[in-house]
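One structure is given here, and the rest of the page talks about it.
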Amino acid sequence: MLATLQDILDTVKAENLTTQQKLMCLGNIAERLFDPRELLGYTDEEWQHIENQMICDLNEGYAIYRPRYILPDYSVYIEKGCDFLELPVPQTLDDVLDGLLILYANVPSITTYPVYIGRLDVLLEPFITDEKADYIKIKRFLNHIDKTIPDSFCHGNIGPYDTRAGRLILQAVIELENTTPNMSIRYDKTKTSREFAELAAKACLLVSKPSFANDAYYIEDLGEQYGIASCYNALPECGGAYTLTRLRLGTIARACDSVDQMVNDLLPRVANMALSTMDKRHRFLVEEANFFNTSFLAKEGFIARENFTSMIAIVGLADATNHLLAKEGRNETFGQSARGDEIATLIMQKLDAVNQAHQGLYVERTDNHYLLHAQVGASCHEEDKANTPAHRIKVGQEPTLLAHLKQSAPFHQYFPSGTGDLFAFDQTYVDHLDAVVDIIDGAFALNYRYITTYLKNTDLIRVTGYLVKKSEVERFRKGEAVLRDTTWYGSGTDECADVFDRQLRDEQDVSAA
């Protein structure tokens, strides 16, 4: 949405923002002072559907000057150093950790912080010489990231192979209990040792990370050189995503009186407008903002413009389906309704077809198409309270675990740039890690892409695709400034979707799965 000069003054006077957070907000406001109809060529109809909240651009801004998500190939530093930052080829673990921290400070994104910090175990493993001493260094490295990149959209990857570095990272993650960096394990039971998988599952229960990514599935869609960034966004490494635009399906559906009107009329019209605005954003970024012509990341091979794509995302599939079920006179809800699954599938099939028919601009890495993404939800507008994250079942309407997995799995096929589900367990499952890994294996056998477990009674909780501390959320809600900007989003998403109150999966429920 457009910003005003008053927004600048309100930000300057805010009592619940740190200086760094004010700077980030002021930069975003500056980008949104420009009318995209004048700067980018949006049509009046496209702008109308942003203003009526059917299309949400996540307030990215219109004077776009860098891609939303950048996934550098950090192995370039390991092999060649970095001329621009005057970093030689690293020789020791100290060199690598110091150099990576310097690189991270120079990788931009929509948040101003890096959203991808690489395949950490792969980068560090060749330099592990003394596990006891190296553990202290890795722990300090991870803690430094948490305190200097206070944004849990910052994301590191480990796996699929069992490595000394990977084990040290997991050990440090458990001990630190930090929200940042977010983390995923690229998991493949044919490559990942059972012991390493159970250690990752333990960390996931205790500190809500790493989440488990179905490595074989993502390689099939994106190739070996991909990364999980930000929340759970699977994107080409050495590239990334220019932008992310989401469709509020619940909002679109409430303007419809039937499934036919939704699927065959309004949804494709709104989706095509969203795709058109993305083309225009790409053109400005590539042709006028000169990011790729000026960034050392592009000049030295950390990224390549040809490896970028973009994400067309959804929220509110459950809300759209529930509205359309009610229009058919059914007292049923998405997640526990066969007809609801039929309606939701029709919606996703239509959206997938519209996207595949659209030739995207500057996205040759993904066959000139944008990638569908299951967006985790945000609190950009009051309308977000009527749009549940992604294709997830509304909190309070969840079925038993086995039924939930079977219901959710078929929708994962539509989202090559990321989707995932979250399941809250009780403390007893820390002693039954084999059962947790069995559940993950079962989910991946159903073609799940991504899954997270966590203990419901911990302070550190996964909101949707990212982590917050509930204690920090409470301080923010009292009007205090807090370290991490993702705390704002976690607070808002919980208020919209009650994500702190997901159904607890008890022993009987898990045993049935």
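So you can find residues: chains in the structure tokens are A, B, ... in the order shown, residues in each start at 1, and ligands are numbered from 1 in order.
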Which residues are near Ile219 in chain A? Cut-off 12 Å, only C-alpha atoms, ignore same chain within fewer than 2 positions. Put them as a PyMOL selection string. chain A and resi 160+186-188+213-217+221-228+234-237+416-417+449
Would you mind listing, for every residue of range 134-177 of chain A within 10 Å of range 89-102 of chain A, the two atoms forming the shortest contact and the distance between them in Å to one decimal, using only C-alpha atoms, sorted by chain and ascending residue number, as CSV?
residue,atom,partner,partner_atom,distance
A:Asp134,CA,A:Leu93,CA,7.7
A:Lys137,CA,A:Asp94,CA,7.7
A:Ile138,CA,A:Leu97,CA,7.8
A:Arg140,CA,A:Leu97,CA,9.6
A:Phe141,CA,A:Leu97,CA,6.6
A:Leu142,CA,A:Leu97,CA,9.6
A:His144,CA,A:Leu101,CA,8.4
A:Ile145,CA,A:Leu101,CA,7.6
A:Thr148,CA,A:Leu101,CA,9.5
Quick one: residues within 7 Å of Gly377 in chain A, only C-alpha atoms, excluding same-chain residues fewer than 2 positions away - as a list in words?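 The residues that qualify are Val315, Gln375, Thr388, Pro389, Ala390 and Thr493 of chain A.
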For the residues in that selection, give me N, CA and C atoms as a CSV table (one decimal), in the first residue's frame.
chain,number,residue,atom,x,y,z
A,315,VAL,N,-2.7,-17.5,0.6
A,315,VAL,CA,-3.1,-17.7,2.0
A,315,VAL,C,-4.6,-17.9,2.0
A,375,GLN,N,2.2,-19.3,1.4
A,375,GLN,CA,2.7,-18.3,2.3
A,375,GLN,C,2.2,-18.4,3.7
A,388,THR,N,-6.4,-17.8,6.8
A,388,THR,CA,-5.5,-18.7,7.5
A,388,THR,C,-4.2,-18.9,6.7
A,389,PRO,N,-3.0,-19.0,7.4
A,389,PRO,CA,-1.8,-19.3,6.6
A,389,PRO,C,-1.9,-20.4,5.6
A,390,ALA,N,-1.4,-20.2,4.4
A,390,ALA,CA,-1.2,-21.2,3.4
A,390,ALA,C,-2.4,-22.0,3.1
A,493,THR,N,0.6,-12.6,13.6
A,493,THR,CA,0.1,-13.8,13.1
A,493,THR,C,-0.7,-14.6,14.1
Could you check which of A:Val376, A:Val395, A:Met311, A:Val107 is closest to Gly335 in chain A, using only C-alpha atoms? A:Val395
Across A:Leu433, A:Leu317, A:Ala241, A:Val468, the smallest distance to Arg305 in chain A, with only C-alpha atoms counted, is shown by A:Ala241
Please identify every residue of range 159-265 of chain A that has at least one atom no farther than 8 Å from an atom of range 346-363 of chain A, counting only C-alpha atoms, and for each give the shortest atom pair and the distance in Å to one decimal, arranged by chain then increasing number, as JSON lines.
{"residue": "A:Met262", "atom": "CA", "partner": "A:Ile347", "partner_atom": "CA", "distance": 7.8}
{"residue": "A:Val263", "atom": "CA", "partner": "A:Ile347", "partner_atom": "CA", "distance": 5.7}
{"residue": "A:Asn264", "atom": "CA", "partner": "A:Lys350", "partner_atom": "CA", "distance": 7.8}
Residues just named, written with C-alpha atoms as an mmCIF file, in the first residue's frame:
data_model
loop_
_atom_site.group_PDB
_atom_site.id
_atom_site.type_symbol
_atom_site.label_atom_id
_atom_site.label_comp_id
_atom_site.auth_asym_id
_atom_site.auth_seq_id
_atom_site.Cartn_x
_atom_site.Cartn_y
_atom_site.Cartn_z
ATOM 1 C CA MET A 262 -14.626 -18.585 -7.715
ATOM 2 C CA VAL A 263 -12.762 -21.104 -9.862
ATOM 3 C CA ASN A 264 -13.745 -20.060 -13.357
#
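The gap separating CA of Ala203 in chain A from CA of Phe127 in chain A is 23.6 Å, in Å to one decimal.
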From the options A:His373, A:Arg475, A:Arg167, A:Lys147, which residue's atoms come nearest to Glu131 in chain A, counting only C-alpha atoms?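 Under the stated criterion, the closest residue is A:Arg167.
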Per DSSP on the backbone, filter range 170-318 of chain A down to the residues in strand (DSSP E or B) and report them as a PyMOL selection string. chain A and resi 182-187+211-214+226-229+233-236+239-248+308-315
